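Participant: One file: entry_13.txt (compact mmCIF, C-alpha atoms).
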# COMPACT_ATOMS: atom_id res chain seq x y z
CA MET C 56 6.63 35.04 45.74
CA SER C 57 9.58 36.96 44.42
CA ARG C 58 9.53 38.42 40.97
CA SER C 59 11.94 35.97 39.41
CA THR C 60 10.04 32.92 40.63
CA ALA C 61 6.91 34.55 39.26
CA THR C 62 8.56 34.98 35.87
CA THR C 63 9.85 31.43 35.87
CA PHE C 64 6.38 30.26 36.73
CA LEU C 65 4.96 32.36 33.90
CA VAL C 66 7.48 31.06 31.36
CA LEU C 67 6.89 27.47 32.40
CA SER C 68 3.12 27.74 32.24
CA LEU C 69 3.41 29.46 28.86
CA ALA C 70 5.55 26.58 27.60
CA GLY C 71 2.97 24.21 29.04
CA CYS C 72 0.21 25.99 27.13
CA VAL C 73 2.18 25.84 23.86
CA ALA C 74 2.82 22.14 24.39
CA GLY C 75 -0.85 21.62 25.22
CA VAL C 76 -1.99 23.32 22.05
CA ALA C 77 0.69 21.77 19.86
CA GLY C 78 0.18 18.29 21.25
CA CYS C 79 2.55 15.35 21.38
CA GLN C 80 4.53 13.53 18.73
CA GLY C 81 2.38 11.20 16.69
CA ASN C 82 -0.84 13.10 17.40
CA ARG C 83 -3.48 12.48 14.77
CA SER C 84 -4.23 15.38 12.50
CA GLU C 85 -6.15 15.96 9.31
CA GLU C 86 -3.92 18.86 8.37
CA PRO C 87 -1.15 18.09 5.87
CA PRO C 88 2.35 18.07 7.39
CA VAL C 89 3.90 21.55 7.66
CA HIS C 90 7.30 21.86 6.07
CA LEU C 91 8.68 25.37 6.37
CA ILE C 92 11.61 24.83 4.06
CA GLN C 93 10.42 23.02 0.99
CA ASN C 94 13.68 23.11 -0.91
CA MET C 95 13.04 20.73 -3.78
CA ASP C 96 10.24 18.68 -2.24
CA PHE C 97 8.04 19.21 -5.25
CA GLN C 98 9.90 19.16 -8.52
CA SER C 99 8.38 19.68 -11.91
CA ARG C 100 7.87 16.02 -12.62
CA TYR C 101 5.03 13.66 -11.86
CA ASP C 102 4.97 10.58 -9.64
CA ALA C 103 2.94 7.53 -10.55
CA GLN C 104 -0.81 8.12 -10.21
CA GLU C 105 -0.40 11.85 -9.61
CA GLU C 106 -2.78 14.46 -10.89
CA ASN C 107 -1.82 16.72 -13.76
CA PRO C 108 -4.05 19.79 -14.05
CA PHE C 109 -2.90 20.28 -17.63
CA PHE C 110 -5.20 17.46 -18.64
CA GLN C 111 -8.23 18.72 -16.74
CA PRO C 112 -11.73 18.28 -18.20
CA VAL C 113 -11.66 21.84 -19.56
CA ASP C 114 -9.65 20.43 -22.38
CA CYS C 115 -12.10 17.61 -23.01
CA ALA C 116 -13.73 19.19 -26.04
CA ASN C 117 -10.38 19.34 -27.82
CA ALA C 118 -9.02 16.16 -26.39
CA LEU C 119 -9.57 14.18 -29.60
CA ASN C 120 -9.54 10.66 -28.29
CA HIS C 121 -7.03 11.27 -25.51
CA ASP C 122 -7.73 10.75 -21.84
CA CYS C 123 -8.81 14.11 -20.39
CA LYS C 124 -9.49 13.21 -16.76
CA GLY C 125 -6.50 14.99 -15.23
CA ARG C 126 -4.27 11.93 -14.88
CA ALA C 127 -0.56 12.54 -15.23
CA ALA C 128 -0.19 9.07 -16.76
CA ARG C 129 -1.37 9.07 -20.35
CA ALA C 130 -3.43 6.21 -21.68
CA PRO C 131 -2.22 4.75 -24.97
CA VAL C 132 -4.04 6.06 -28.02
CA PRO C 133 -6.85 3.61 -28.82
CA GLY C 134 -5.86 1.03 -31.37
CA THR C 135 -2.14 1.14 -30.55
CA VAL C 136 0.06 -1.27 -28.59
CA ALA C 137 3.34 -0.42 -26.88
CA VAL C 138 6.44 -2.17 -28.20
CA GLY C 139 6.78 -5.58 -26.57
CA PHE C 140 3.22 -5.62 -25.25
CA LEU C 141 1.51 -7.26 -28.20
CA LYS C 142 -0.03 -10.44 -26.80
CA ASP C 143 0.43 -12.50 -29.94
CA ASP C 144 1.17 -15.89 -28.38
CA ASP C 145 -2.17 -17.71 -28.51
CA GLU C 146 -0.85 -20.51 -26.38
CA LEU C 147 0.53 -18.35 -23.57
CA HIS C 148 -1.90 -15.46 -23.64
CA ARG C 149 -5.16 -17.16 -24.56
CA GLY C 150 -4.63 -20.79 -23.64
CA ARG C 151 -5.74 -21.94 -27.05
CA GLY C 152 -4.06 -24.50 -29.26
CA ALA C 153 -3.73 -24.49 -33.04
CA ASP C 154 -7.35 -25.65 -33.36
CA GLY C 155 -8.49 -22.54 -31.47
CA ARG C 156 -9.83 -24.50 -28.46
CA LEU C 157 -8.85 -24.25 -24.80
CA PHE C 158 -6.33 -26.99 -24.00
CA ASP C 159 -5.99 -29.08 -20.88
CA ARG C 160 -2.31 -28.47 -20.06
CA LEU C 161 0.11 -25.67 -19.24
CA PRO C 162 1.62 -23.71 -22.13
CA SER C 163 4.93 -25.20 -23.16
CA SER C 164 6.89 -22.17 -21.91
CA ILE C 165 5.74 -22.80 -18.31
CA PRO C 166 6.92 -26.13 -16.84
CA LEU C 167 4.99 -27.70 -13.97
CA THR C 168 7.23 -27.47 -10.89
CA PRO C 169 6.63 -27.50 -7.12
CA ALA C 170 7.63 -23.83 -7.13
CA LEU C 171 4.87 -23.08 -9.62
CA LEU C 172 2.28 -24.76 -7.41
CA ASP C 173 3.54 -22.90 -4.33
CA ARG C 174 3.25 -19.68 -6.23
CA GLY C 175 -0.21 -20.68 -7.43
CA GLN C 176 -1.36 -21.44 -3.91
CA GLN C 177 -0.06 -18.13 -2.60
CA ARG C 178 -1.60 -16.14 -5.44
CA TYR C 179 -4.88 -18.04 -5.20
CA ASN C 180 -5.09 -17.14 -1.52
CA ILE C 181 -4.50 -13.49 -2.34
CA TYR C 182 -6.83 -13.05 -5.29
CA CYS C 183 -9.47 -15.78 -5.22
CA GLN C 184 -9.78 -16.88 -1.60
CA PRO C 185 -11.81 -13.83 -0.40
CA CYS C 186 -14.70 -15.09 -2.55
CA HIS C 187 -14.05 -18.73 -3.47
CA ASP C 188 -12.53 -19.66 -0.08
CA GLU C 189 -9.36 -21.60 0.46
CA SER C 190 -10.60 -24.94 -0.86
CA GLY C 191 -12.65 -23.55 -3.75
CA GLY C 192 -16.03 -24.17 -2.14
CA GLY C 193 -17.35 -20.69 -2.97
CA LYS C 194 -18.07 -19.59 0.61
CA GLY C 195 -15.29 -17.03 1.00
CA ILE C 196 -15.38 -14.58 3.88
CA ALA C 197 -16.36 -11.60 1.72
CA THR C 198 -19.55 -13.38 0.65
CA LEU C 199 -20.66 -13.86 4.26
CA ARG C 200 -20.75 -10.21 5.23
CA GLY C 201 -22.74 -7.08 4.52
CA GLY C 202 -25.89 -8.90 3.40
CA GLY C 203 -24.14 -11.43 1.20
CA PHE C 204 -23.37 -11.49 -2.50
CA LYS C 205 -26.15 -11.15 -5.06
CA VAL C 206 -24.68 -14.07 -6.99
CA GLN C 207 -22.77 -16.73 -5.06
CA PRO C 208 -19.27 -17.44 -6.41
CA ALA C 209 -19.09 -20.75 -8.22
CA ASN C 210 -18.08 -23.89 -6.35
CA LEU C 211 -14.83 -24.87 -8.06
CA GLN C 212 -15.41 -28.47 -6.96
CA ASP C 213 -18.53 -28.61 -9.12
CA PRO C 214 -18.48 -31.59 -11.56
CA ARG C 215 -19.07 -29.22 -14.45
CA LEU C 216 -15.93 -27.26 -13.58
CA ARG C 217 -13.90 -30.37 -12.85
CA ALA C 218 -14.53 -31.44 -16.41
CA MET C 219 -13.25 -28.16 -17.80
CA PRO C 220 -9.81 -28.03 -19.47
CA LEU C 221 -7.05 -26.36 -17.44
CA ALA C 222 -6.91 -23.35 -19.74
CA TYR C 223 -10.55 -22.63 -18.93
CA PHE C 224 -9.50 -21.29 -15.52
CA TYR C 225 -6.89 -19.14 -17.20
CA ASP C 226 -9.63 -17.87 -19.49
CA VAL C 227 -11.97 -17.02 -16.58
CA ILE C 228 -9.18 -15.04 -14.88
CA VAL C 229 -8.51 -13.05 -18.05
CA ASN C 230 -12.05 -12.48 -19.29
CA GLY C 231 -14.18 -12.97 -16.19
CA LYS C 232 -17.36 -15.00 -16.34
CA GLY C 233 -20.93 -13.86 -15.74
CA THR C 234 -20.85 -11.52 -12.75
CA MET C 235 -17.19 -12.22 -11.95
CA LEU C 236 -15.10 -9.41 -13.44
CA SER C 237 -11.78 -9.87 -15.20
CA TYR C 238 -8.62 -10.17 -13.09
CA ALA C 239 -6.29 -9.50 -16.01
CA ALA C 240 -5.33 -6.08 -14.64
CA GLN C 241 -4.41 -7.46 -11.23
CA ILE C 242 -2.58 -10.69 -12.08
CA PRO C 243 0.35 -11.05 -14.51
CA VAL C 244 0.30 -13.82 -17.12
CA LYS C 245 2.56 -16.34 -15.40
CA ASP C 246 0.72 -16.04 -12.10
CA ARG C 247 -2.58 -16.70 -13.88
CA TRP C 248 -1.26 -20.05 -15.08
CA ALA C 249 0.09 -20.79 -11.61
CA ILE C 250 -3.39 -20.13 -10.16
CA ALA C 251 -5.02 -22.31 -12.82
CA ALA C 252 -2.63 -25.13 -11.92
CA TRP C 253 -3.45 -24.66 -8.24
CA VAL C 254 -7.21 -24.77 -8.90
CA ARG C 255 -6.68 -28.10 -10.66
CA THR C 256 -4.65 -29.29 -7.67
CA LEU C 257 -7.47 -28.35 -5.31
CA GLN C 258 -9.91 -30.30 -7.45
CA ALA C 259 -7.61 -33.31 -7.60
CA ALA C 260 -7.15 -33.18 -3.83
CA ARG C 261 -10.89 -33.61 -3.39
CA THR C 262 -11.11 -36.51 -5.84
CA PRO C 263 -10.92 -39.83 -3.97
CA SER C 264 -9.92 -42.00 -6.92
CA GLU C 265 -7.61 -40.39 -9.44
CA GLY C 266 -4.79 -38.04 -8.52
CA LYS C 267 -2.90 -35.75 -10.79
CA MET X 168 21.69 61.98 45.68
CA PRO X 169 19.01 59.38 45.09
CA ALA X 170 19.99 56.18 43.27
CA ILE X 171 19.42 56.29 39.49
CA PHE X 172 18.56 52.63 39.33
CA PRO X 173 16.14 51.28 41.92
CA ARG X 174 17.39 48.51 44.14
CA TRP X 175 15.69 45.60 42.35
CA THR X 176 17.73 46.14 39.21
CA ASN X 177 20.63 44.53 41.03
CA LYS X 178 18.83 41.23 40.46
CA ILE X 179 18.70 41.55 36.66
CA PRO X 180 22.05 39.88 35.97
CA LEU X 181 21.05 37.02 38.23
CA ALA X 182 17.63 36.67 36.55
CA ILE X 183 19.25 36.65 33.10
CA GLY X 184 21.80 34.14 34.31
CA VAL X 185 19.04 31.82 35.44
CA LEU X 186 16.42 32.42 32.77
CA ALA X 187 18.58 32.58 29.66
CA PRO X 188 19.86 28.99 29.95
CA LEU X 189 16.34 27.90 30.75
CA ALA X 190 14.94 29.68 27.71
CA LEU X 191 17.74 28.31 25.55
CA ALA X 192 17.14 24.78 26.78
CA GLY X 193 13.45 25.29 26.19
CA ALA X 194 14.06 26.48 22.63
CA VAL X 195 16.43 23.61 21.87
CA GLY X 196 14.05 21.11 23.40
CA GLY X 197 11.10 22.61 21.60
CA ILE X 198 12.83 22.50 18.23
CA TRP X 199 14.09 18.99 18.87
CA TYR X 200 10.61 17.86 19.77
CA TYR X 201 8.35 19.94 17.54
CA PHE X 202 10.42 20.38 14.39
CA SER X 203 11.05 16.66 14.12
CA PRO X 204 9.16 14.77 11.40
CA LYS X 205 7.99 12.57 14.27
CA PHE X 206 5.84 15.55 15.20
CA THR X 207 5.20 17.25 11.86
CA ASP X 208 4.56 14.13 9.77
CA ALA X 209 3.64 11.08 11.84
CA GLY X 210 -0.04 10.86 12.61
CA TYR X 211 -1.16 12.64 9.43
CA ARG X 212 -4.57 11.25 8.78
CA PRO X 213 -6.49 12.97 5.98
CA ARG X 214 -10.16 12.36 5.41
CA GLN X 215 -10.69 10.35 2.24
CA PRO X 216 -13.42 10.95 -0.37
CA VAL X 217 -14.71 7.38 0.11
CA PRO X 218 -14.89 6.13 3.71
CA PHE X 219 -12.84 3.04 2.86
CA SER X 220 -11.76 1.09 5.91
CA HIS X 221 -8.64 -1.08 6.01
CA LYS X 222 -9.85 -2.40 9.34
CA LEU X 223 -12.90 -3.91 7.66
CA HIS X 224 -11.29 -5.15 4.46
CA ALA X 225 -7.75 -6.08 5.49
CA GLY X 226 -8.42 -6.72 9.18
CA ASP X 227 -11.83 -8.29 9.65
CA MET X 228 -12.05 -9.91 6.22
CA GLY X 229 -8.35 -10.74 6.19
CA MET X 230 -7.78 -9.64 2.61
CA ASP X 231 -4.16 -9.63 1.53
CA CYS X 232 -2.67 -6.19 0.85
CA ARG X 233 -1.65 -7.34 -2.61
CA TYR X 234 -5.23 -7.93 -3.71
CA CYS X 235 -5.51 -4.16 -4.01
CA HIS X 236 -1.93 -2.85 -3.93
CA ASN X 237 -1.02 -5.41 -6.54
CA THR X 238 2.01 -3.66 -8.04
CA VAL X 239 3.85 -3.43 -4.74
CA GLU X 240 6.14 -6.38 -5.47
CA ARG X 241 6.67 -5.47 -9.11
CA ALA X 242 7.11 -1.70 -9.11
CA ALA X 243 8.54 1.11 -7.02
CA HIS X 244 5.07 2.42 -6.47
CA ALA X 245 2.39 0.51 -4.55
CA ALA X 246 -0.59 1.41 -6.70
CA ILE X 247 -3.79 2.67 -5.16
CA PRO X 248 -6.37 0.32 -6.70
CA PRO X 249 -8.58 1.50 -9.57
CA ALA X 250 -12.36 1.46 -9.14
CA GLN X 251 -12.59 -1.87 -10.93
CA THR X 252 -10.82 -3.61 -8.07
CA CYS X 253 -13.52 -2.38 -5.70
CA MET X 254 -16.24 -3.31 -8.18
CA ASN X 255 -15.05 -6.92 -8.24
CA CYS X 256 -16.96 -7.18 -4.99
CA HIS X 257 -19.08 -4.07 -4.87
CA SER X 258 -20.97 -4.96 -8.02
CA LEU X 259 -22.26 -7.87 -5.94
CA VAL X 260 -22.35 -6.60 -2.35
CA LYS X 261 -23.46 -3.23 -0.89
CA THR X 262 -24.43 -2.26 -4.43
CA GLU X 263 -26.75 0.52 -3.32
CA SER X 264 -24.58 1.95 -0.54
CA PRO X 265 -24.37 5.76 -0.76
CA LYS X 266 -20.85 5.54 0.65
CA LEU X 267 -19.77 3.81 -2.54
CA LYS X 268 -21.42 6.20 -4.99
CA LEU X 269 -18.10 7.75 -5.99
CA VAL X 270 -16.66 4.30 -6.73
CA ARG X 271 -19.59 3.33 -8.93
CA ASP X 272 -19.45 6.66 -10.78
CA SER X 273 -15.74 6.27 -11.29
CA TYR X 274 -16.27 2.79 -12.69
CA THR X 275 -18.85 3.93 -15.23
CA THR X 276 -17.41 7.32 -16.22
CA ASP X 277 -13.67 6.63 -15.81
CA GLU X 278 -13.41 9.77 -13.64
CA PRO X 279 -10.55 9.16 -11.13
CA ILE X 280 -11.44 8.96 -7.42
CA PRO X 281 -9.61 11.87 -5.74
CA TRP X 282 -7.89 9.86 -2.97
CA VAL X 283 -5.78 12.05 -0.72
CA ARG X 284 -2.16 10.97 -0.61
CA VAL X 285 -0.94 10.04 2.88
CA HIS X 286 2.70 9.02 2.49
CA GLN X 287 4.83 11.24 0.33
CA LEU X 288 8.59 11.53 0.25
CA PRO X 289 10.13 14.68 -1.19
CA ASP X 290 10.85 14.34 -4.90
CA TYR X 291 14.62 14.31 -4.32
CA ALA X 292 14.49 11.10 -2.27
CA PHE X 293 14.28 7.80 -4.10
CA PHE X 294 12.24 4.97 -2.63
CA ASP X 295 11.37 1.63 -4.16
CA HIS X 296 9.12 -0.98 -2.55
CA ARG X 297 10.60 -3.90 -4.50
CA PRO X 298 13.99 -4.42 -2.80
CA HIS X 299 12.42 -3.99 0.62
CA LEU X 300 9.79 -6.65 0.07
CA ALA X 301 12.25 -8.97 -1.65
CA ALA X 302 14.50 -8.60 1.41
CA GLY X 303 11.60 -9.49 3.68
CA VAL X 304 10.73 -6.18 5.34
CA GLY X 305 7.04 -6.34 6.23
CA CYS X 306 4.50 -3.66 5.41
CA SER X 307 3.85 -3.18 9.11
CA SER X 308 7.48 -2.15 9.77
CA CYS X 309 6.93 1.00 7.76
CA HIS X 310 3.17 1.52 7.70
CA GLY X 311 2.16 0.25 11.13
CA ARG X 312 -0.91 -1.82 11.84
CA ILE X 313 -2.86 -0.80 8.75
CA ASP X 314 -5.30 -3.62 9.43
CA GLN X 315 -6.47 -1.78 12.55
CA MET X 316 -6.91 1.62 10.91
CA THR X 317 -10.33 2.79 9.84
CA ILE X 318 -8.65 5.82 8.26
CA VAL X 319 -5.08 5.39 7.04
CA GLU X 320 -2.56 7.45 8.98
CA MET X 321 1.18 7.87 8.82
CA ASP X 322 2.60 5.63 11.48
CA GLN X 323 6.28 6.41 10.95
CA PRO X 324 7.97 9.79 10.29
CA LEU X 325 9.55 8.70 6.94
CA SER X 326 12.48 10.98 7.72
CA MET X 327 16.01 10.34 6.53
CA GLY X 328 17.09 9.43 10.05
CA TRP X 329 14.34 6.84 10.19
CA CYS X 330 15.42 5.26 6.89
CA LEU X 331 19.01 5.13 8.08
CA ASP X 332 18.16 3.67 11.48
CA CYS X 333 16.99 0.59 9.68
CA HIS X 334 19.59 0.59 6.92
CA ARG X 335 22.39 0.55 9.49
CA ASP X 336 20.89 -2.43 11.29
CA PRO X 337 18.27 -4.17 9.15
CA GLU X 338 18.40 -7.67 10.72
CA PRO X 339 15.78 -7.11 13.46
CA SER X 340 13.24 -5.95 10.85
CA LEU X 341 13.64 -8.91 8.53
CA ARG X 342 11.13 -11.73 8.40
CA PRO X 343 10.47 -14.79 6.21
CA ARG X 344 9.62 -13.53 2.77
CA ASP X 345 6.20 -15.17 2.63
CA GLN X 346 5.13 -13.21 5.71
CA ILE X 347 5.61 -9.68 4.40
CA THR X 348 1.91 -8.83 4.34
CA ASN X 349 1.11 -10.69 7.55
CA MET X 350 0.16 -7.96 10.01
CA LEU X 351 0.18 -10.35 12.96
CA TRP X 352 3.86 -11.22 12.53
CA ASP X 353 5.53 -9.18 15.25
CA PRO X 354 9.29 -8.63 14.81
CA ALA X 355 9.64 -8.26 18.58
CA VAL X 356 8.06 -11.67 19.30
CA ASP X 357 8.23 -13.88 16.21
CA GLY X 358 11.49 -12.26 15.16
CA LYS X 359 13.30 -13.91 18.09
CA ASN X 360 12.91 -17.32 16.47
CA TYR X 361 13.91 -16.13 13.03
CA ASP X 362 17.45 -15.69 11.86
CA ALA X 363 17.69 -14.26 8.35
CA ALA X 364 21.27 -15.51 7.96
CA LYS X 365 20.06 -19.12 8.35
CA ASP X 366 17.02 -18.87 6.06
CA PRO X 367 17.67 -21.30 3.16
CA SER X 368 15.40 -19.36 0.79
CA ARG X 369 17.77 -16.39 0.95
CA THR X 370 20.63 -16.50 -1.48
CA ARG X 371 22.45 -13.37 -0.36
CA GLN X 372 22.94 -11.07 2.60
CA VAL X 373 20.86 -7.92 2.48
CA ASN X 374 22.93 -4.84 1.93
CA PRO X 375 20.96 -1.62 2.28
CA PRO X 376 22.69 1.54 1.00
CA GLU X 377 24.02 4.08 3.48
CA HIS X 378 25.81 6.22 0.93
CA CYS X 379 24.04 9.36 -0.21
CA SER X 380 23.59 8.33 -3.83
CA GLY X 381 21.66 5.24 -2.77
CA CYS X 382 18.62 7.37 -1.98
CA HIS X 383 19.44 10.69 -3.65
CA ARG X 384 19.99 9.67 -7.23
Mind converting the file's structure to structure tokens?
Facilitator:
Amino acid sequence: MSRSTATTFLVLSLAGCVAGVAGCQGNRSEEPPVHLIQNMDFQSRYDAQEENPFFQPVDCANALNHDCKGRAARAPVPGTVAVGFLKDDDELHRGRGADGRLFDRLPSSIPLTPALLDRGQQRYNIYCQPCHDESGGGKGIATLRGGGFKVQPANLQDPRLRAMPLAYFYDVIVNGKGTMLSYAAQIPVKDRWAIAAWVRTLQAARTPSEGK
Amino acid sequence: MPAIFPRWTNKIPLAIGVLAPLALAGAVGGIWYYFSPKFTDAGYRPRQPVPFSHKLHAGDMGMDCRYCHNTVERAAHAAIPPAQTCMNCHSLVKTESPKLKLVRDSYTTDEPIPWVRVHQLPDYAFFDHRPHLAAGVGCSSCHGRIDQMTIVEMDQPLSMGWCLDCHRDPEPSLRPRDQITNMLWDPAVDGKNYDAAKDPSRTRQVNPPEHCSGCHR
């Protein structure tokens, strides 16, 4: 072996070793990505849901009634409402008529259209179907696993629930019921009504005599 | 008079001539391969404080992404769910599991769960989920088969070149807009039978920005 072939061999095997240690593209790693030149990757502003050490628990004693858990997003001061977020429409936001009772119709600002029912079906399958299953029977896939639920989700085809006014389903979504927690944070107002309309449709579909 | 340089030194120019291009090619190749975000970023898979598995929840149980990432269609940011979303179920199932202790604590004390962020663009690049989902780009085009991941990892490099590859030719990545969260919809297979230009539910042609201020604003 001449010297130059030996050197070539050495260089190649060295490159091989580096490649072996460094791995291939797309290799899994728990180490954060290395960026040598960080230019302006991290600017002095906060993204949604980022941590802000300024509000760390150290400050809790002096935090008055502010959130002191290190969130960059600040919670509104208790007892205040942001402009435009006051839910003052009893009909739309609580499903209650002038007499203060749940009514059996959609609020007047939301017309019943095929698009609304499509939307309701889609949203029902996202938010309710894991527990109540696609037809409302209460045997959703999440309840069949991991030892089962402590309390079975209600069967939406139950005669008691069929007799409930439409706004009752809106009310359950907003306030929860028994062991079912509130879905108000996950589902915007209009979608809640769409889901309520879809639940009624499911019930009607299972009723042999009257349709709606 | 003996030679000042021994005989083998005659080969030095030749060796340099051969090795230098090799070394240069090696350096170029190495930088091309190893300095690319495909190497530095893709595959990042941090360990999370709670061993939450998308494979179990989104894959086996078939939960829709939007059950948890419910702001994804309404906001730029696809929110990581708060502990209450987990407690919807975990107040009723696996209530004693030690793996979920952090979630239960977070629910009662309001202490945030310190999830480790996986995908992060530099602050100077602007990204918004809304127009992409409204245009019918599926989650799996950018995040890979999340429903098969026990631990979330970065599937794509999220580099500028990667964004532009799609922006220059978005049609192959488009799908019907009610299929965006469907992980089984494969653009390579199902996409053949779908033509975005003929979809009646679309009112306009998609027009992704290629000019700098589209993403650096």
Participant: List every protein, DNA or RNA residue with an atom no more than 12 Å from (-17.0, 12.5, -9.0) in the file's coordinates, counting only C-alpha atoms, and format the result as a compact mmCIF listing (two decimals) with C-alpha atoms, in the frame of the given file.
Facilitator:
# COMPACT_ATOMS: atom_id res chain seq x y z
CA LYS C 124 -9.49 13.21 -16.76
CA PRO X 216 -13.42 10.95 -0.37
CA VAL X 217 -14.71 7.38 0.11
CA ALA X 250 -12.36 1.46 -9.14
CA LEU X 267 -19.77 3.81 -2.54
CA LYS X 268 -21.42 6.20 -4.99
CA LEU X 269 -18.10 7.75 -5.99
CA VAL X 270 -16.66 4.30 -6.73
CA ARG X 271 -19.59 3.33 -8.93
CA ASP X 272 -19.45 6.66 -10.78
CA SER X 273 -15.74 6.27 -11.29
CA TYR X 274 -16.27 2.79 -12.69
CA THR X 275 -18.85 3.93 -15.23
CA THR X 276 -17.41 7.32 -16.22
CA ASP X 277 -13.67 6.63 -15.81
CA GLU X 278 -13.41 9.77 -13.64
CA PRO X 279 -10.55 9.16 -11.13
CA ILE X 280 -11.44 8.96 -7.42
CA PRO X 281 -9.61 11.87 -5.74
CA TRP X 282 -7.89 9.86 -2.97
Participant: Have a look at CA of Gly201 (chain C) and CA of Lys261 (chain X) and let me know their distance in Å, one decimal.
Facilitator: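 A separation of 6.7 Å between them.
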Participant: For chain C against chain X, with a cut-off of 6 Å and counting only C-alpha atoms, what is the closest atom pair and its distance in Å to one decimal for every residue that makes the cut, ordered by chain and number, as a Markdown table?
Facilitator:
| residue | atom | partner | partner_atom | distance |
| --- | --- | --- | --- | --- |
| C:Gln80 | CA | X:Phe206 | CA | 4.3 |
| C:Gly81 | CA | X:Gly210 | CA | 4.8 |
| C:Asn82 | CA | X:Gly210 | CA | 5.3 |
| C:Arg83 | CA | X:Gly210 | CA | 4.4 |
| C:Ser84 | CA | X:Tyr211 | CA | 5.1 |
| C:Glu85 | CA | X:Pro213 | CA | 4.5 |
| C:Pro88 | CA | X:Asp208 | CA | 5.1 |
| C:Asp96 | CA | X:Pro289 | CA | 4.1 |
| C:Phe97 | CA | X:Asp290 | CA | 5.6 |
| C:Ile181 | CA | X:Asp231 | CA | 5.5 |
| C:Tyr182 | CA | X:Tyr234 | CA | 5.6 |
| C:Phe204 | CA | X:Val260 | CA | 5.0 |
| C:Lys205 | CA | X:Leu259 | CA | 5.2 |
| C:Leu236 | CA | X:Asn255 | CA | 5.8 |
Participant: I'd like the neighbourhood of Asn210 (chain C) as a PyMOL selection string, where a residue qualifies if any of its atoms comes within 10 Å (using only C-alpha atoms), though same-chain residues fewer than 4 positions away should be ignored.
Facilitator: chain C and resi 187-188+190-194+214-216
Participant: When you count only C-alpha atoms, which of these residues is closest to Ser164 (chain C): C:Glu146, C:Leu211, C:Gln177, C:Ala218?
Facilitator: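 Closest residue, counting only C-alpha atoms: C:Glu146.
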Participant: Interatomic distance between CA of Leu341 (chain X) and CA of Phe294 (chain X)?
Facilitator: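 Rounded to one decimal, the two atoms are 17.9 Å apart.
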Participant: What does the structure give for the distance between CA of Ala103 (chain C) and CA of Ala127 (chain C), in Å to one decimal?
Facilitator: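 Taking CA of Ala103 (chain C) as the start and CA of Ala127 (chain C) as the end point, the length is 7.7 Å.
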Participant: Can you list, as a PyMOL selection string, every protein, DNA or RNA residue that comes within 10 Å of region 363-366 of chain X when you count only C-alpha atoms, leaving out same-chain residues fewer than 3 positions away?
Facilitator: chain X and resi 302-303+338-344+358+360+369-373
Participant: Output C-alpha atoms for every residue in that selection, as a short mmCIF file (atom, residue, chain, number, x, y, z; two decimals), in the frame of the given file.
Facilitator:
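Contents of the output file result_4.cif:
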data_model
loop_
_atom_site.label_atom_id
_atom_site.label_comp_id
_atom_site.auth_asym_id
_atom_site.auth_seq_id
_atom_site.Cartn_x
_atom_site.Cartn_y
_atom_site.Cartn_z
CA ALA X 302 14.50 -8.60 1.41
CA GLY X 303 11.60 -9.49 3.68
CA GLU X 338 18.40 -7.67 10.72
CA PRO X 339 15.78 -7.11 13.46
CA SER X 340 13.24 -5.95 10.85
CA LEU X 341 13.64 -8.91 8.53
CA ARG X 342 11.13 -11.73 8.40
CA PRO X 343 10.47 -14.79 6.21
CA ARG X 344 9.62 -13.53 2.77
CA GLY X 358 11.49 -12.26 15.16
CA ASN X 360 12.91 -17.32 16.47
CA ARG X 369 17.77 -16.39 0.95
CA THR X 370 20.63 -16.50 -1.48
CA ARG X 371 22.45 -13.37 -0.36
CA GLN X 372 22.94 -11.07 2.60
CA VAL X 373 20.86 -7.92 2.48
#
Participant: Using only C-alpha atoms, which residues sit within 7 Å of Gly175 (chain C) once same-chain residues fewer than 4 positions away are excluded, as a list in words?
Facilitator: Leu171, Tyr179, Asp246, Ala249, Ile250, Ala252 and Trp253 of chain C
Participant: Of the residues C:Gly202, C:Arg174, C:Gln212, C:Asp226, which is the one nearest to Ala259 (chain C), using all atoms listed in the file?
Facilitator: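 Residue with the minimum atom-to-atom distance to Ala259 (chain C): C:Gln212.
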Participant: Can you pull out the residues contacting Cys186 (chain C)? Cut-off 8 Å, using only C-alpha atoms, and skip same-chain residues under 4 positions away; I want them as a PyMOL selection string.
Facilitator: chain C and resi 193-198+208
Participant: Please report, as lines of an AutoDock Vina configuration file, the centre and edge lengths in Å to one decimal of an axis-aligned box covering all listed atoms of region 243-262 of chain C with 8 Å per side.
Facilitator:
center_x = -4.3
center_y = -23.8
center_z = -10.3
size_x = 29.7
size_y = 41.5
size_z = 29.7
Participant: Using all atoms listed in the file, pick whichever of C:Gln258, C:Ser237, C:Asn230, C:Gln184 has the shortest atom-to-atom distance to Arg149 (chain C).
Facilitator: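 Of all the options, C:Asn230 lies closest to Arg149 (chain C).
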